Amino acid sequence: PRFAERGVKLIGLSCDSVADHHEWSRDVLAARGLDGQELDFPLIADEDRSIATRLGMLDPLERDSAGIPMPARALFLICPARRLRFAVIYPASMGRSFSEVLRAVDAVLLLEQHNVLTPAGWTPGARVLLPEAVPASSEALFADVHVQPLPSSRRCLCWAACPGRRFSSL
């Protein structure tokens with residue numbers, strides 16, 4: 001539901017068979033104490049690794065027992081205009097943080113809806129940065145604006161309260 005309320009649709013890609021997906025899905029749900037047989041998003045079976053290869057998802061450092069490169073744990077956020085908005089690739093041996101993925105989705109939505117930037121470590125509701133290209137006259141559109149003085153006099157650290165967010169699709 002946290003992805004759906006943001007207008008995000010999930011699709012999984014795995015180099016395992018459809019039968020393995022069904023078994024894995026049941027295991028994931030059981031491990032989380034949930035009923036059901038299937039996850040609430042589709043999984044694509046890419047047994048020949050053709051899709052993973054085209055997307056640059058194979059990890060040359062991690063290999064299976066047959067010596068074949070393992071697929072990395074990749075995440076691509078693609079908007080309806082089919083533009084890549086965010087991508088991260090983890091080693092095959094490393095798990096992902098869905099709270100970090102949601103944070104990235106929220107940051108992209110804020111940029112789309114309000115033309116603001118999110119600093120490193122930003123969390124929803126925290127202060128944001130106004131793009132340097134935003135004229136000082138537009139600062140009135142934002143609450144609690146503070147321009148951090150810099151020796152260069154550049155306005156690249158212009159902080160503002162986080163605008164109200166509304167979830168809609170990318």
# chains A, B, ... in the order shown; residues from 1 in each chain; ligands from 1
>>> select_by_dssp(residues="chain A", states="helix (DSSP H, G or I)", output="count of residues only")
45
>>> residues_around(residues="Leu130 (chain A)", least_positions_apart="2", cutoff="7 Å", atoms="only C-alpha atoms", output="JSON, numbers by chain")
{"A": [116, 117, 128, 132, 134, 158, 159, 160]}
>>> residues_around(residues="Gln148 (chain A)", least_positions_apart="4", cutoff="10 Å", atoms="only C-alpha atoms", output="PyMOL selection string")
chain A and resi 153-159
>>> closest_residue(among="A:Cys162, A:Pro151, A:Ala143, A:Gly7", to="Leu111 (chain A)", atoms="only C-alpha atoms")
A:Cys162
>>> select_by_dssp(residues="region 58-150 of chain A", states="strand (DSSP E)", output="ChimeraX atom specification")
/A:58-63,69-71,73-78,84-90,128-129,146-147
>>> write_last_selection(atoms="N, CA, C and O atoms", output="CSV table (one decimal), in the first residue's frame")
chain,number,residue,atom,x,y,z
A,58,LEU,N,24.0,-7.7,-14.2
A,58,LEU,CA,24.8,-8.9,-13.8
A,58,LEU,C,26.0,-8.4,-13.0
A,58,LEU,O,26.7,-7.5,-13.4
A,59,ASP,N,26.3,-9.1,-11.9
A,59,ASP,CA,27.4,-8.7,-11.1
A,59,ASP,C,28.6,-9.6,-11.4
A,59,ASP,O,28.6,-10.8,-11.1
A,60,PRO,N,29.6,-9.1,-12.0
A,60,PRO,CA,30.7,-9.9,-12.4
A,60,PRO,C,31.5,-10.5,-11.3
A,60,PRO,O,32.3,-11.5,-11.4
A,61,LEU,N,31.4,-9.9,-10.1
A,61,LEU,CA,32.1,-10.4,-8.9
A,61,LEU,C,31.4,-11.5,-8.2
A,61,LEU,O,32.0,-12.2,-7.3
A,62,GLU,N,30.1,-11.6,-8.4
A,62,GLU,CA,29.3,-12.6,-7.7
A,62,GLU,C,28.9,-13.7,-8.7
A,62,GLU,O,28.2,-13.4,-9.7
A,63,ARG,N,29.2,-14.9,-8.5
A,63,ARG,CA,28.9,-16.0,-9.4
A,63,ARG,C,28.2,-17.1,-8.7
A,63,ARG,O,28.5,-17.4,-7.5
A,69,PRO,N,27.6,-15.2,-13.8
A,69,PRO,CA,27.4,-14.0,-12.9
A,69,PRO,C,26.0,-14.0,-12.4
A,69,PRO,O,25.0,-14.3,-13.1
A,70,MET,N,25.9,-13.6,-11.1
A,70,MET,CA,24.6,-13.5,-10.5
A,70,MET,C,24.0,-12.1,-10.8
A,70,MET,O,24.7,-11.2,-11.0
A,71,PRO,N,22.7,-12.0,-10.8
A,71,PRO,CA,22.1,-10.7,-11.1
A,71,PRO,C,22.2,-9.9,-9.8
A,71,PRO,O,22.1,-10.4,-8.7
A,73,ARG,N,21.2,-6.8,-7.3
A,73,ARG,CA,19.9,-6.3,-6.8
A,73,ARG,C,19.7,-4.9,-7.3
A,73,ARG,O,20.3,-4.0,-6.7
A,74,ALA,N,19.0,-4.7,-8.4
A,74,ALA,CA,18.9,-3.4,-9.0
A,74,ALA,C,17.5,-2.9,-8.8
A,74,ALA,O,16.5,-3.6,-8.7
A,75,LEU,N,17.4,-1.6,-8.8
A,75,LEU,CA,16.1,-0.9,-8.6
A,75,LEU,C,16.1,0.3,-9.6
A,75,LEU,O,17.0,1.1,-9.6
A,76,PHE,N,15.0,0.3,-10.4
A,76,PHE,CA,14.9,1.4,-11.4
A,76,PHE,C,13.5,2.1,-11.2
A,76,PHE,O,12.5,1.4,-11.1
A,77,LEU,N,13.5,3.4,-11.0
A,77,LEU,CA,12.3,4.1,-10.9
A,77,LEU,C,12.1,4.8,-12.2
A,77,LEU,O,12.9,5.7,-12.6
A,78,ILE,N,11.0,4.4,-12.9
A,78,ILE,CA,10.8,4.9,-14.3
A,78,ILE,C,9.4,5.6,-14.2
A,78,ILE,O,8.4,5.1,-13.7
A,84,LEU,N,14.1,7.4,-16.8
A,84,LEU,CA,14.7,6.9,-15.6
A,84,LEU,C,14.8,8.1,-14.6
A,84,LEU,O,15.4,9.1,-15.0
A,85,ARG,N,14.2,7.9,-13.5
A,85,ARG,CA,14.3,9.0,-12.5
A,85,ARG,C,15.2,8.7,-11.3
A,85,ARG,O,15.7,9.6,-10.6
A,86,PHE,N,15.4,7.4,-11.1
A,86,PHE,CA,16.3,7.0,-10.0
A,86,PHE,C,16.7,5.5,-10.2
A,86,PHE,O,15.9,4.7,-10.7
A,87,ALA,N,18.0,5.2,-9.9
A,87,ALA,CA,18.5,3.9,-10.1
A,87,ALA,C,19.5,3.6,-9.0
A,87,ALA,O,20.3,4.5,-8.6
A,88,VAL,N,19.5,2.4,-8.5
A,88,VAL,CA,20.5,2.0,-7.6
A,88,VAL,C,20.8,0.5,-7.8
A,88,VAL,O,19.8,-0.3,-8.1
A,89,ILE,N,22.0,0.1,-7.8
A,89,ILE,CA,22.4,-1.3,-7.9
A,89,ILE,C,23.2,-1.7,-6.7
A,89,ILE,O,24.2,-1.1,-6.4
A,90,TYR,N,22.7,-2.8,-6.1
A,90,TYR,CA,23.4,-3.3,-4.9
A,90,TYR,C,24.1,-4.6,-5.4
A,90,TYR,O,23.6,-5.3,-6.3
A,128,VAL,N,13.9,21.4,2.9
A,128,VAL,CA,14.4,21.1,1.6
A,128,VAL,C,15.2,22.3,1.1
A,128,VAL,O,15.3,23.3,1.7
A,129,LEU,N,15.9,22.1,0.0
A,129,LEU,CA,16.6,23.2,-0.7
A,129,LEU,C,15.9,23.7,-1.9
A,129,LEU,O,15.3,22.9,-2.6
A,146,HIS,N,15.3,30.3,4.5
A,146,HIS,CA,16.6,30.8,5.0
A,146,HIS,C,17.7,30.6,4.0
A,146,HIS,O,17.9,29.5,3.6
A,147,VAL,N,18.4,31.7,3.7
A,147,VAL,CA,19.5,31.6,2.8
A,147,VAL,C,20.8,31.6,3.6
A,147,VAL,O,21.0,32.6,4.3
>>> residues_around(residues="Trp24 (chain A)", least_positions_apart="6", cutoff="10 Å", atoms="only C-alpha atoms", output="ChimeraX atom specification")
/A:16,18,30,37-39
>>> write_last_selection(atoms="C-alpha atoms", output="mmCIF file, in the first residue's frame")
data_model
loop_
_atom_site.group_PDB
_atom_site.id
_atom_site.type_symbol
_atom_site.label_atom_id
_atom_site.label_comp_id
_atom_site.auth_asym_id
_atom_site.auth_seq_id
_atom_site.Cartn_x
_atom_site.Cartn_y
_atom_site.Cartn_z
ATOM 1 C CA ASP A 16 14.627 -17.975 -11.584
ATOM 2 C CA VAL A 18 8.090 -19.169 -12.621
ATOM 3 C CA ALA A 30 5.044 -17.015 5.445
ATOM 4 C CA GLN A 37 0.216 -17.558 -2.147
ATOM 5 C CA GLU A 38 1.339 -14.621 -4.294
ATOM 6 C CA LEU A 39 3.020 -11.271 -3.739
#
>>> closest_residue(among="A:Leu29, A:Arg82, A:Arg6, A:Thr123", to="Ser99 (chain A)", atoms="only C-alpha atoms")
A:Thr123
>>> atom_distance(atom1="CA of Arg32 (chain A)", atom2="CA of Ile51 (chain A)")
29.1 Å
